[in-house]
Amino acid sequence: MRMDELDQLVGLAKEGQHSAFSEIVLLLQQQVFRYCYPMIGHRQDAEDVVQETFVRAYTKLHQYEETGSFIGWILTIAHHLCLNKLKKRSRLAALFHRAAHHSSLQVDSHSLSSNLEVLAMLDSLPAHVRSLVILKVLHGMSYEEIGQIIHGKPNALRKQFERAKLKLRSEAMRAEHSQEGGAQVDY
């Protein structure tokens, strides 16, 4: 596609023609994905960022000034969203390390080779338990406070947290065992 054709579609989209923006998405989504995937390193996350990029572009289309390249503008949005995704991933990794430290999981720096393994371990928890761990460890909330947020009884939350610690400890030990080249144990 030539740039003048893209500029024409952008003009039509700015005038409110939804089909023109749909064509823009079809034309540029692969290019945006080819930027996001190497940045993020995870296909699903990259696809999510691509989708969010076009949602943001659509809602902020009125702010696009036609003095610059539309593709550049779209990739700028994608860039910021990729950085946000990476920051969020980094915060989750730091959260897990704090959880390991505060909950006596005995996870040393050698047991986890990358942030991706850390995220996979945290991601192995059901969403409500992951929320519990985040609120307890990162925010330092009491079980009573957490109960008000996620609608649970403090004693039940305490038990769920203890089970999460055991599961994370098991995951960490399994990761450590596999890094040492030992036999893989399936449970």
# chains A, B, ... in the order shown; residues from 1 in each chain; ligands from 1
$ residues_around --residues "stretch 3-15 of chain A" --least-positions-apart "2" --cutoff "7 Å" --atoms "only C-alpha atoms" --output "MDAnalysis selection string"
chainID A and resid 1 17:18 20:21 24 61:62
$ residues_around --residues "A:Ile77" --least-positions-apart "5" --cutoff "10 Å" --atoms "only C-alpha atoms" --output "JSON, numbers by chain"
{"A": [32, 49, 50, 52, 53, 54, 56, 57, 71, 72, 82]}
$ write_last_selection --atoms "C-alpha atoms" --output "short mmCIF file (atom, residue, chain, number, x, y, z; two decimals), in the first residue's frame"
data_model
loop_
_atom_site.label_atom_id
_atom_site.label_comp_id
_atom_site.auth_asym_id
_atom_site.auth_seq_id
_atom_site.Cartn_x
_atom_site.Cartn_y
_atom_site.Cartn_z
CA VAL A 32 2.73 -3.65 14.54
CA VAL A 49 -0.58 -5.18 22.86
CA VAL A 50 -1.36 -5.02 19.13
CA GLU A 52 -4.69 -2.40 22.58
CA THR A 53 -2.60 -0.31 20.18
CA PHE A 54 -5.41 -0.14 17.66
CA ARG A 56 -5.95 3.42 21.62
CA ALA A 57 -5.32 4.67 18.09
CA ILE A 71 2.71 4.29 10.85
CA GLY A 72 5.18 6.09 13.10
CA CYS A 82 5.11 -2.63 25.17
#
$ select_by_dssp --residues "stretch 125-162 of chain A" --states "alpha helix (DSSP H)" --output "compact mmCIF listing (two decimals) with N, CA and C atoms, in the first residue's frame"
# COMPACT_ATOMS: atom_id res chain seq x y z
N ALA A 127 -6.40 -17.11 39.64
CA ALA A 127 -6.43 -15.64 39.69
C ALA A 127 -6.75 -15.11 41.09
N HIS A 128 -7.71 -15.70 41.79
CA HIS A 128 -8.07 -15.19 43.12
C HIS A 128 -6.94 -15.41 44.12
N VAL A 129 -6.20 -16.50 43.97
CA VAL A 129 -5.07 -16.76 44.87
C VAL A 129 -3.91 -15.82 44.51
N ARG A 130 -3.70 -15.59 43.22
CA ARG A 130 -2.68 -14.64 42.79
C ARG A 130 -2.98 -13.26 43.37
N SER A 131 -4.25 -12.87 43.36
CA SER A 131 -4.64 -11.58 43.96
C SER A 131 -4.33 -11.57 45.45
N LEU A 132 -4.63 -12.66 46.11
CA LEU A 132 -4.35 -12.79 47.53
C LEU A 132 -2.86 -12.60 47.81
N VAL A 133 -2.02 -13.26 47.03
CA VAL A 133 -0.57 -13.15 47.22
C VAL A 133 -0.12 -11.71 46.97
N TYR A 143 -5.32 -10.12 56.50
CA TYR A 143 -6.32 -11.00 55.89
C TYR A 143 -7.71 -10.39 55.97
N GLU A 144 -7.95 -9.59 57.01
CA GLU A 144 -9.25 -8.92 57.13
C GLU A 144 -9.43 -7.90 56.00
N GLU A 145 -8.39 -7.12 55.73
CA GLU A 145 -8.45 -6.13 54.64
C GLU A 145 -8.61 -6.81 53.29
N ILE A 146 -7.87 -7.89 53.11
CA ILE A 146 -7.95 -8.62 51.84
C ILE A 146 -9.35 -9.20 51.68
N GLY A 147 -9.91 -9.70 52.77
CA GLY A 147 -11.26 -10.28 52.73
C GLY A 147 -12.30 -9.29 52.25
N GLN A 148 -12.13 -8.02 52.62
CA GLN A 148 -13.07 -6.99 52.17
C GLN A 148 -12.93 -6.73 50.67
N ILE A 149 -11.74 -6.90 50.17
CA ILE A 149 -11.50 -6.62 48.75
C ILE A 149 -11.94 -7.78 47.87
N ILE A 150 -11.53 -9.00 48.23
CA ILE A 150 -11.83 -10.15 47.37
C ILE A 150 -12.96 -11.02 47.93
N PRO A 154 -11.21 -14.22 56.57
CA PRO A 154 -9.79 -14.17 56.92
C PRO A 154 -9.13 -15.53 57.14
N ASN A 155 -9.81 -16.44 57.85
CA ASN A 155 -9.22 -17.76 58.10
C ASN A 155 -9.06 -18.55 56.81
N ALA A 156 -10.04 -18.47 55.94
CA ALA A 156 -9.95 -19.17 54.65
C ALA A 156 -8.83 -18.57 53.80
N LEU A 157 -8.69 -17.25 53.84
CA LEU A 157 -7.63 -16.59 53.07
C LEU A 157 -6.25 -16.99 53.59
N ARG A 158 -6.14 -17.09 54.90
CA ARG A 158 -4.87 -17.50 55.50
C ARG A 158 -4.49 -18.91 55.01
N LYS A 159 -5.46 -19.81 54.97
CA LYS A 159 -5.20 -21.17 54.50
C LYS A 159 -4.84 -21.17 53.01
N GLN A 160 -5.54 -20.36 52.22
CA GLN A 160 -5.23 -20.27 50.79
C GLN A 160 -3.81 -19.74 50.57
N PHE A 161 -3.42 -18.77 51.39
CA PHE A 161 -2.08 -18.21 51.28
C PHE A 161 -1.03 -19.27 51.62
N GLU A 162 -1.29 -20.05 52.66
CA GLU A 162 -0.34 -21.11 53.04
C GLU A 162 -0.23 -22.15 51.92
$ atom_distance --atom1 "atom CA of A:Glu47" --atom2 "atom CA of A:Gln63"
24.1 Å
$ closest_residue --among "A:Leu75, A:Glu66, A:Met173, A:Leu81" --to "A:Gln30" --atoms "only C-alpha atoms"
A:Leu75
$ residues_around --residues "stretch 36-42 of chain A" --least-positions-apart "3" --cutoff "7 Å" --atoms "only C-alpha atoms" --output "MDAnalysis selection string"
chainID A and resid 32:33 45:46 78 82 86
